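**Student:** structure-v4.txt is reproduced below (compact mmCIF, C-alpha atoms).
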```txt
# COMPACT_ATOMS: atom_id res chain seq x y z
CA MET A 1 -21.47 -3.90 15.26
CA ASN A 2 -18.05 -3.16 13.76
CA THR A 3 -16.09 -0.07 14.81
CA GLU A 4 -16.68 1.81 11.55
CA ILE A 5 -20.46 1.57 11.89
CA GLN A 6 -20.37 2.11 15.66
CA ILE A 7 -18.48 5.37 15.27
CA ALA A 8 -20.67 6.44 12.34
CA LYS A 9 -23.78 6.00 14.48
CA ALA A 10 -22.16 7.77 17.43
CA LEU A 11 -21.26 10.78 15.29
CA LEU A 12 -24.85 10.97 14.04
CA ASP A 13 -26.22 10.70 17.58
CA ILE A 14 -24.25 13.73 18.79
CA LYS A 15 -24.84 15.62 15.52
CA ALA A 16 -21.12 15.80 14.78
CA VAL A 17 -22.12 14.54 11.34
CA PHE A 18 -25.62 14.98 10.05
CA PHE A 19 -27.30 15.11 6.68
CA ARG A 20 -29.59 17.71 5.16
CA PRO A 21 -30.01 16.70 1.52
CA ASP A 22 -33.04 18.92 0.97
CA GLU A 23 -31.42 22.02 2.51
CA PRO A 24 -27.74 21.70 1.55
CA PHE A 25 -24.93 23.51 3.29
CA THR A 26 -22.52 25.70 1.35
CA TRP A 27 -18.80 25.03 1.78
CA ALA A 28 -16.21 27.81 1.64
CA SER A 29 -15.42 26.64 -1.91
CA GLY A 30 -19.03 27.31 -2.89
CA ILE A 31 -19.89 23.62 -3.26
CA LYS A 32 -23.37 22.68 -2.07
CA SER A 33 -23.14 19.77 0.36
CA PRO A 34 -25.82 17.53 1.91
CA VAL A 35 -23.58 16.84 4.91
CA TYR A 36 -22.21 18.88 7.79
CA CYS A 37 -19.31 17.53 9.84
CA ASP A 38 -18.00 19.00 13.11
CA ASN A 39 -15.88 16.46 14.95
CA ARG A 40 -15.08 19.01 17.65
CA LEU A 41 -18.38 17.97 19.20
CA ILE A 42 -16.77 14.63 20.04
CA LEU A 43 -14.81 16.40 22.77
CA THR A 44 -17.98 17.41 24.60
CA ALA A 45 -19.51 13.91 24.54
CA PRO A 46 -17.46 11.77 26.99
CA ALA A 47 -18.76 8.35 25.91
CA VAL A 48 -18.22 9.08 22.22
CA ARG A 49 -14.89 10.69 22.98
CA THR A 50 -13.72 7.51 24.72
CA LEU A 51 -14.93 5.41 21.80
CA VAL A 52 -13.14 7.58 19.22
CA GLU A 53 -9.88 8.07 21.10
CA THR A 54 -9.67 4.35 21.88
CA ALA A 55 -10.18 3.61 18.18
CA ILE A 56 -7.46 6.13 17.22
CA ALA A 57 -5.04 4.54 19.68
CA ASP A 58 -5.92 1.05 18.39
CA ALA A 59 -5.41 2.17 14.78
CA VAL A 60 -1.96 3.55 15.61
CA LYS A 61 -1.00 0.27 17.31
CA THR A 62 -2.42 -1.83 14.46
CA TYR A 63 -1.19 0.06 11.39
CA TYR A 64 1.85 1.91 12.73
CA PRO A 65 3.41 -0.14 15.55
CA GLN A 66 6.76 1.60 14.96
CA ALA A 67 5.32 5.06 15.67
CA GLU A 68 7.35 7.23 18.03
CA VAL A 69 5.41 10.52 17.98
CA LEU A 70 1.83 11.60 17.23
CA MET A 71 1.35 14.95 15.52
CA GLY A 72 -2.07 16.59 15.43
CA THR A 73 -3.31 18.87 12.68
CA SER A 74 -4.15 22.40 13.75
CA THR A 75 -6.57 22.95 15.24
CA ALA A 76 -9.12 20.15 15.19
CA GLY A 77 -6.65 17.28 15.38
CA ILE A 78 -4.71 18.59 18.37
CA ALA A 79 -6.97 17.37 21.17
CA HIS A 80 -7.44 13.96 19.56
CA ALA A 81 -3.68 13.56 19.15
CA ALA A 82 -3.11 14.57 22.77
CA ILE A 83 -5.67 12.15 24.19
CA ALA A 84 -4.56 9.23 22.01
CA ALA A 85 -0.89 9.92 22.81
CA HIS A 86 -1.73 9.90 26.52
CA MET A 87 -3.46 6.54 26.12
CA LEU A 88 -0.43 5.19 24.24
CA ASP A 89 2.12 6.81 26.58
CA MET A 90 3.68 8.54 23.57
CA PRO A 91 4.94 12.08 22.95
CA MET A 92 2.84 14.37 20.79
CA GLY A 93 2.92 17.74 19.16
CA TYR A 94 1.05 19.57 16.46
CA VAL A 95 1.58 21.35 13.17
CA ARG A 96 0.30 24.86 12.63
CA GLY A 97 -1.33 26.01 9.42
CA GLY A 98 1.67 28.33 8.98
CA ASN A 99 4.66 29.63 10.89
CA LYS A 100 4.05 31.84 13.91
CA ASP A 101 4.82 35.49 13.29
CA HIS A 102 6.45 35.93 16.71
CA GLY A 103 8.73 34.15 19.18
CA ARG A 104 10.62 31.25 17.59
CA GLN A 105 8.26 31.35 14.59
CA ASN A 106 7.65 27.62 14.89
CA ARG A 107 5.29 25.77 12.64
CA ILE A 108 5.80 22.43 14.39
CA GLU A 109 5.12 22.58 18.12
CA GLY A 110 6.58 19.97 20.45
CA ARG A 111 9.92 18.21 20.29
CA LEU A 112 10.59 16.47 16.98
CA GLU A 113 13.93 14.88 16.19
CA ALA A 114 15.09 14.22 12.63
CA GLY A 115 14.34 10.65 11.63
CA GLN A 116 11.58 10.10 14.18
CA LYS A 117 8.65 7.98 13.02
CA VAL A 118 5.49 10.10 13.09
CA VAL A 119 1.78 9.42 12.70
CA VAL A 120 -0.45 12.39 11.88
CA ILE A 121 -3.83 12.59 13.63
CA GLU A 122 -6.50 14.37 11.57
CA ASP A 123 -10.19 14.84 12.31
CA LEU A 124 -11.55 14.98 8.75
CA ILE A 125 -10.33 14.44 5.19
CA SER A 126 -12.20 15.78 2.16
CA THR A 127 -9.91 16.71 -0.73
CA GLY A 128 -6.78 15.92 1.29
CA GLY A 129 -5.00 19.24 0.78
CA SER A 130 -4.59 20.30 4.40
CA VAL A 131 -3.32 16.97 5.73
CA ILE A 132 -0.86 16.63 2.83
CA ASP A 133 0.45 20.11 3.70
CA VAL A 134 1.03 18.93 7.30
CA VAL A 135 2.79 15.76 6.14
CA GLU A 136 5.06 17.78 3.82
CA ALA A 137 5.97 20.17 6.67
CA LEU A 138 6.93 17.21 8.86
CA ARG A 139 8.97 15.62 6.07
CA GLU A 140 10.80 18.90 5.50
CA ALA A 141 11.66 18.89 9.22
CA GLY A 142 13.25 15.46 8.81
CA ALA A 143 10.46 13.30 10.21
CA GLN A 144 9.63 9.89 8.79
CA VAL A 145 5.86 10.13 8.37
CA LEU A 146 4.41 6.62 8.56
CA GLY A 147 0.89 7.74 7.73
CA VAL A 148 -2.31 9.33 8.94
CA VAL A 149 -5.12 8.23 11.24
CA SER A 150 -8.27 10.29 10.67
CA ILE A 151 -11.69 10.14 12.27
CA PHE A 152 -13.79 10.68 9.14
CA THR A 153 -13.18 10.74 5.41
CA TYR A 154 -15.51 11.63 2.57
CA GLY A 155 -13.72 9.16 0.31
CA MET A 156 -13.82 11.64 -2.57
CA GLN A 157 -11.79 10.53 -5.57
CA LYS A 158 -9.93 13.84 -5.68
CA GLY A 159 -8.79 13.29 -2.10
CA LEU A 160 -7.78 9.68 -2.73
CA ASP A 161 -5.79 10.69 -5.82
CA ARG A 162 -4.00 13.52 -4.02
CA LEU A 163 -3.05 11.31 -1.06
CA ALA A 164 -1.72 8.64 -3.42
CA ALA A 165 0.28 11.18 -5.44
CA ALA A 166 1.84 12.55 -2.24
CA ASN A 167 2.59 9.01 -1.01
CA VAL A 168 0.44 9.51 2.10
CA GLU A 169 -1.29 6.50 3.65
CA ASN A 170 -4.52 7.19 5.54
CA HIS A 171 -6.64 5.00 7.80
CA SER A 172 -10.02 6.50 8.76
CA LEU A 173 -12.16 5.30 11.64
CA THR A 174 -15.31 5.80 9.59
CA CYS A 175 -16.31 7.17 6.20
CA PHE A 176 -19.02 8.99 4.29
CA ASP A 177 -20.57 5.77 2.99
CA ALA A 178 -20.78 4.20 6.46
CA VAL A 179 -22.33 7.33 7.95
CA ALA A 180 -24.82 7.60 5.06
CA GLN A 181 -25.86 3.97 5.54
CA ALA A 182 -26.20 4.41 9.31
CA ALA A 183 -28.20 7.61 8.76
CA GLY A 184 -30.68 5.75 6.55
CA GLU A 185 -30.96 2.71 8.82
CA ASN A 186 -31.51 4.82 11.92
CA GLY A 187 -34.05 7.24 10.45
CA TYR A 188 -31.89 10.35 10.13
CA ILE A 189 -32.60 10.43 6.40
CA ALA A 190 -34.86 8.49 4.05
CA MET A 191 -33.25 5.33 2.70
CA GLU A 192 -33.94 6.51 -0.84
CA ASP A 193 -31.72 9.54 -0.21
CA ILE A 194 -28.60 7.39 0.19
CA ALA A 195 -28.10 7.17 -3.59
CA ARG A 196 -28.21 10.98 -3.78
CA LEU A 197 -25.57 11.24 -1.06
CA ILE A 198 -23.27 8.79 -2.83
CA GLN A 199 -23.78 10.74 -6.06
CA PHE A 200 -22.56 13.87 -4.23
CA ARG A 201 -19.56 11.97 -2.86
CA ASP A 202 -18.65 10.75 -6.35
CA ASN A 203 -18.75 14.24 -7.89
CA PRO A 204 -19.30 17.17 -5.49
CA ALA A 205 -19.22 19.68 -8.35
CA ASP A 206 -22.25 18.05 -10.01
CA GLU A 207 -25.34 19.43 -8.28
CA SER A 208 -27.77 17.08 -10.01
CA TRP A 209 -27.96 15.05 -6.76
CA MET A 210 -30.13 17.87 -5.36
CA GLN A 211 -32.91 16.91 -7.77
CA LYS A 212 -35.20 14.24 -6.35
```
Please render this file's structure as structure tokens.
**Tutor:**
Amino acid sequence: MNTEIQIAKALLDIKAVFFRPDEPFTWASGIKSPVYCDNRLILTAPAVRTLVETAIADAVKTYYPQAEVLMGTSTAGIAHAAIAAHMLDMPMGYVRGGNKDHGRQNRIEGRLEAGQKVVVIEDLISTGGSVIDVVEALREAGAQVLGVVSIFTYGMQKGLDRLAAANVENHSLTCFDAVAQAAGENGYIAMEDIARLIQFRDNPADESWMQK
């Protein structure tokens, strides 16, 4: 079993990602979604946590061997960045959603020197907006952002286009398609529902996937 499928199955097993195509969830944007993703649950499942953090560390070594610092996204990416950095014996920090309104008013926490080679650790990518915002904050601070390692990506075209336009490279441990396939093969959803899920992924604004 390759790592992408192994992690997809693990996320399903701990209900960090699960599908409900007949009772869709509503995102903050109002979009109806057949999938719910909460990678924070990885932290409370030691075996899955070890699997995921090892895969993050391996991805950093494989794709970004020149990396000097890991930076987590606030808040969900912080713990994953910290654990992976510990495994790699590397410094880490994190980037807030905005500047603090007190103290030194930092947005970037942890020591970051201009010119340092940084990899961003993100838990989930949908449309890509939040991780691009983090990358831009790091670039403005003088960091050389090599790319992103994320746990899960929806693979939505809007997200792919935005990452490409911002010149941000992303490597995800697993993806929507892999999780959908694992969900069908392991009885979490009916195999015939996979096409509906992919239809959602291709165009989240089109709710015709909800019709069987």
**Student:** Any idea what's packed within 9 Å of Val119 in chain A, counting only C-alpha atoms, ignoring anything in its chain fewer than 5 positions away? Could you give it as a list in words?
**Tutor:**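 Near neighbours after the sequence-gap exclusion: Val60, Tyr64, Ala67, Glu68, Val69, Leu70, Met71, Gly72, Gln144, Val145, Leu146, Gly147, Val148 and Val149 of chain A.
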**Student:** Print the selection's residues with C-alpha atoms to a file, as an mmCIF file, in the coordinates of the input.
**Tutor:**
```cif
data_model
loop_
_atom_site.group_PDB
_atom_site.id
_atom_site.type_symbol
_atom_site.label_atom_id
_atom_site.label_comp_id
_atom_site.auth_asym_id
_atom_site.auth_seq_id
_atom_site.Cartn_x
_atom_site.Cartn_y
_atom_site.Cartn_z
ATOM 1 C CA VAL A 60 -1.960 3.550 15.610
ATOM 2 C CA TYR A 64 1.850 1.910 12.730
ATOM 3 C CA ALA A 67 5.320 5.060 15.670
ATOM 4 C CA GLU A 68 7.350 7.230 18.030
ATOM 5 C CA VAL A 69 5.410 10.520 17.980
ATOM 6 C CA LEU A 70 1.830 11.600 17.230
ATOM 7 C CA MET A 71 1.350 14.950 15.520
ATOM 8 C CA GLY A 72 -2.070 16.590 15.430
ATOM 9 C CA GLN A 144 9.630 9.890 8.790
ATOM 10 C CA VAL A 145 5.860 10.130 8.370
ATOM 11 C CA LEU A 146 4.410 6.620 8.560
ATOM 12 C CA GLY A 147 0.890 7.740 7.730
ATOM 13 C CA VAL A 148 -2.310 9.330 8.940
ATOM 14 C CA VAL A 149 -5.120 8.230 11.240
#
```
**Student:** For a cut-off of 7 Å around (-18.4, 11.2, 6.3), file coordinates, pick out all residues using only C-alpha atoms and list them as a list of chain:residue names.
**Tutor:**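 I get A:Phe152, A:Thr153, A:Tyr154, A:Cys175, A:Phe176, A:Asp177, A:Val179 for the residues within 7 Å of that point.
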**Student:** If I take CA of Ser172 in chain A and CA of Pro204 in chain A, how far is one from the other in Å, to one decimal?
**Tutor:**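 So the two atoms, CA of Ser172 in chain A and CA of Pro204 in chain A, lie 20.1 Å apart.
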**Student:** Between A:His86, A:Arg139, A:His171, A:Arg49, single out the one closest to Leu124 in chain A, counting only C-alpha atoms.
**Tutor:**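 Looking only at the distances to Leu124 in chain A, the closest residue turns out to be A:His171.
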**Student:** Hey, can you check how far CA of Asn203 in chain A sits from CA of Ile125 in chain A?
**Tutor:**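 We find that CA of Asn203 in chain A and CA of Ile125 in chain A lie 15.6 Å from each other.
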**Student:** Which residues of range 49-137 of chain A come within 10 Å of range 16-40 of chain A, and what is each one's closest atom pair and distance in Å (one decimal), counting all atoms listed in the file, sorted by chain and residue number, as JSON lines?
**Tutor:**
```
{"residue": "A:Arg49", "atom": "CA", "partner": "A:Arg40", "partner_atom": "CA", "distance": 9.9}
{"residue": "A:Thr75", "atom": "CA", "partner": "A:Arg40", "partner_atom": "CA", "distance": 9.7}
{"residue": "A:Ala76", "atom": "CA", "partner": "A:Arg40", "partner_atom": "CA", "distance": 6.5}
{"residue": "A:Gly77", "atom": "CA", "partner": "A:Arg40", "partner_atom": "CA", "distance": 8.9}
{"residue": "A:Ala79", "atom": "CA", "partner": "A:Arg40", "partner_atom": "CA", "distance": 9.0}
{"residue": "A:His80", "atom": "CA", "partner": "A:Arg40", "partner_atom": "CA", "distance": 9.4}
{"residue": "A:Asp123", "atom": "CA", "partner": "A:Asn39", "partner_atom": "CA", "distance": 6.5}
{"residue": "A:Leu124", "atom": "CA", "partner": "A:Asn39", "partner_atom": "CA", "distance": 7.7}
```
**Student:** All heavy atoms for range 186-197 of chain A, written as a CSV table (one decimal), in the frame of the given file, could you do that?
**Tutor:**
```csv
chain,number,residue,atom,x,y,z
A,186,ASN,N,-31.1,4.3,10.6
A,186,ASN,CA,-31.5,4.8,11.9
A,186,ASN,C,-32.5,6.0,11.8
A,186,ASN,O,-32.7,6.7,12.8
A,186,ASN,CB,-30.3,5.2,12.8
A,186,ASN,CG,-29.5,4.0,13.2
A,186,ASN,OD1,-29.9,3.3,14.2
A,186,ASN,ND2,-28.4,3.6,12.5
A,187,GLY,N,-33.0,6.3,10.6
A,187,GLY,CA,-34.0,7.2,10.4
A,187,GLY,C,-33.6,8.7,10.4
A,187,GLY,O,-34.5,9.6,10.5
A,188,TYR,N,-32.3,9.0,10.2
A,188,TYR,CA,-31.9,10.4,10.1
A,188,TYR,C,-32.2,10.9,8.8
A,188,TYR,O,-32.4,12.1,8.6
A,188,TYR,CB,-30.4,10.5,10.4
A,188,TYR,CG,-30.0,10.2,11.8
A,188,TYR,CD1,-29.6,8.9,12.2
A,188,TYR,CD2,-30.0,11.2,12.8
A,188,TYR,CE1,-29.2,8.6,13.5
A,188,TYR,CE2,-29.7,10.9,14.1
A,188,TYR,CZ,-29.3,9.6,14.5
A,188,TYR,OH,-28.9,9.4,15.8
A,189,ILE,N,-32.2,10.1,7.8
A,189,ILE,CA,-32.6,10.4,6.4
A,189,ILE,C,-33.4,9.3,5.8
A,189,ILE,O,-33.4,8.2,6.4
A,189,ILE,CB,-31.4,10.7,5.5
A,189,ILE,CG1,-30.5,9.4,5.4
A,189,ILE,CG2,-30.6,11.9,5.9
A,189,ILE,CD1,-29.4,9.5,4.4
A,190,ALA,N,-34.1,9.6,4.7
A,190,ALA,CA,-34.9,8.5,4.0
A,190,ALA,C,-33.9,7.6,3.3
A,190,ALA,O,-32.9,8.0,2.8
A,190,ALA,CB,-35.8,9.1,3.0
A,191,MET,N,-34.1,6.3,3.3
A,191,MET,CA,-33.2,5.3,2.7
A,191,MET,C,-33.0,5.7,1.2
A,191,MET,O,-31.9,5.5,0.7
A,191,MET,CB,-33.8,3.9,2.8
A,191,MET,CG,-33.7,3.3,4.3
A,191,MET,SD,-32.0,3.1,4.9
A,191,MET,CE,-31.4,1.8,3.8
A,192,GLU,N,-34.1,6.2,0.6
A,192,GLU,CA,-33.9,6.5,-0.8
A,192,GLU,C,-33.0,7.7,-1.1
A,192,GLU,O,-32.6,7.9,-2.2
A,192,GLU,CB,-35.3,6.8,-1.5
A,192,GLU,CG,-36.1,7.9,-0.8
A,192,GLU,CD,-37.1,7.4,0.3
A,192,GLU,OE1,-36.8,6.3,0.8
A,192,GLU,OE2,-38.1,8.1,0.5
A,193,ASP,N,-32.6,8.4,0.0
A,193,ASP,CA,-31.7,9.5,-0.2
A,193,ASP,C,-30.3,9.1,-0.2
A,193,ASP,O,-29.4,9.9,-0.6
A,193,ASP,CB,-31.9,10.6,0.9
A,193,ASP,CG,-33.1,11.5,0.8
A,193,ASP,OD1,-33.5,11.7,-0.4
A,193,ASP,OD2,-33.7,11.9,1.8
A,194,ILE,N,-30.0,7.9,0.1
A,194,ILE,CA,-28.6,7.4,0.2
A,194,ILE,C,-27.9,7.5,-1.2
A,194,ILE,O,-26.8,7.9,-1.3
A,194,ILE,CB,-28.5,6.0,0.7
A,194,ILE,CG1,-28.9,6.0,2.2
A,194,ILE,CG2,-27.1,5.4,0.6
A,194,ILE,CD1,-29.0,4.6,2.9
A,195,ALA,N,-28.7,7.1,-2.2
A,195,ALA,CA,-28.1,7.2,-3.6
A,195,ALA,C,-27.7,8.6,-3.9
A,195,ALA,O,-26.7,8.8,-4.6
A,195,ALA,CB,-29.1,6.6,-4.6
A,196,ARG,N,-28.5,9.6,-3.5
A,196,ARG,CA,-28.2,11.0,-3.8
A,196,ARG,C,-26.9,11.4,-3.1
A,196,ARG,O,-26.1,12.1,-3.6
A,196,ARG,CB,-29.4,11.9,-3.3
A,196,ARG,CG,-30.7,11.7,-4.1
A,196,ARG,CD,-31.8,12.4,-3.4
A,196,ARG,NE,-31.6,13.8,-3.3
A,196,ARG,CZ,-32.3,14.7,-2.5
A,196,ARG,NH1,-33.1,14.1,-1.6
A,196,ARG,NH2,-32.1,15.9,-2.6
A,197,LEU,N,-26.8,10.9,-1.8
A,197,LEU,CA,-25.6,11.2,-1.1
A,197,LEU,C,-24.3,10.7,-1.7
A,197,LEU,O,-23.3,11.3,-1.8
A,197,LEU,CB,-25.7,10.7,0.4
A,197,LEU,CG,-26.9,11.3,1.2
A,197,LEU,CD1,-27.0,10.6,2.5
A,197,LEU,CD2,-26.7,12.8,1.4
```
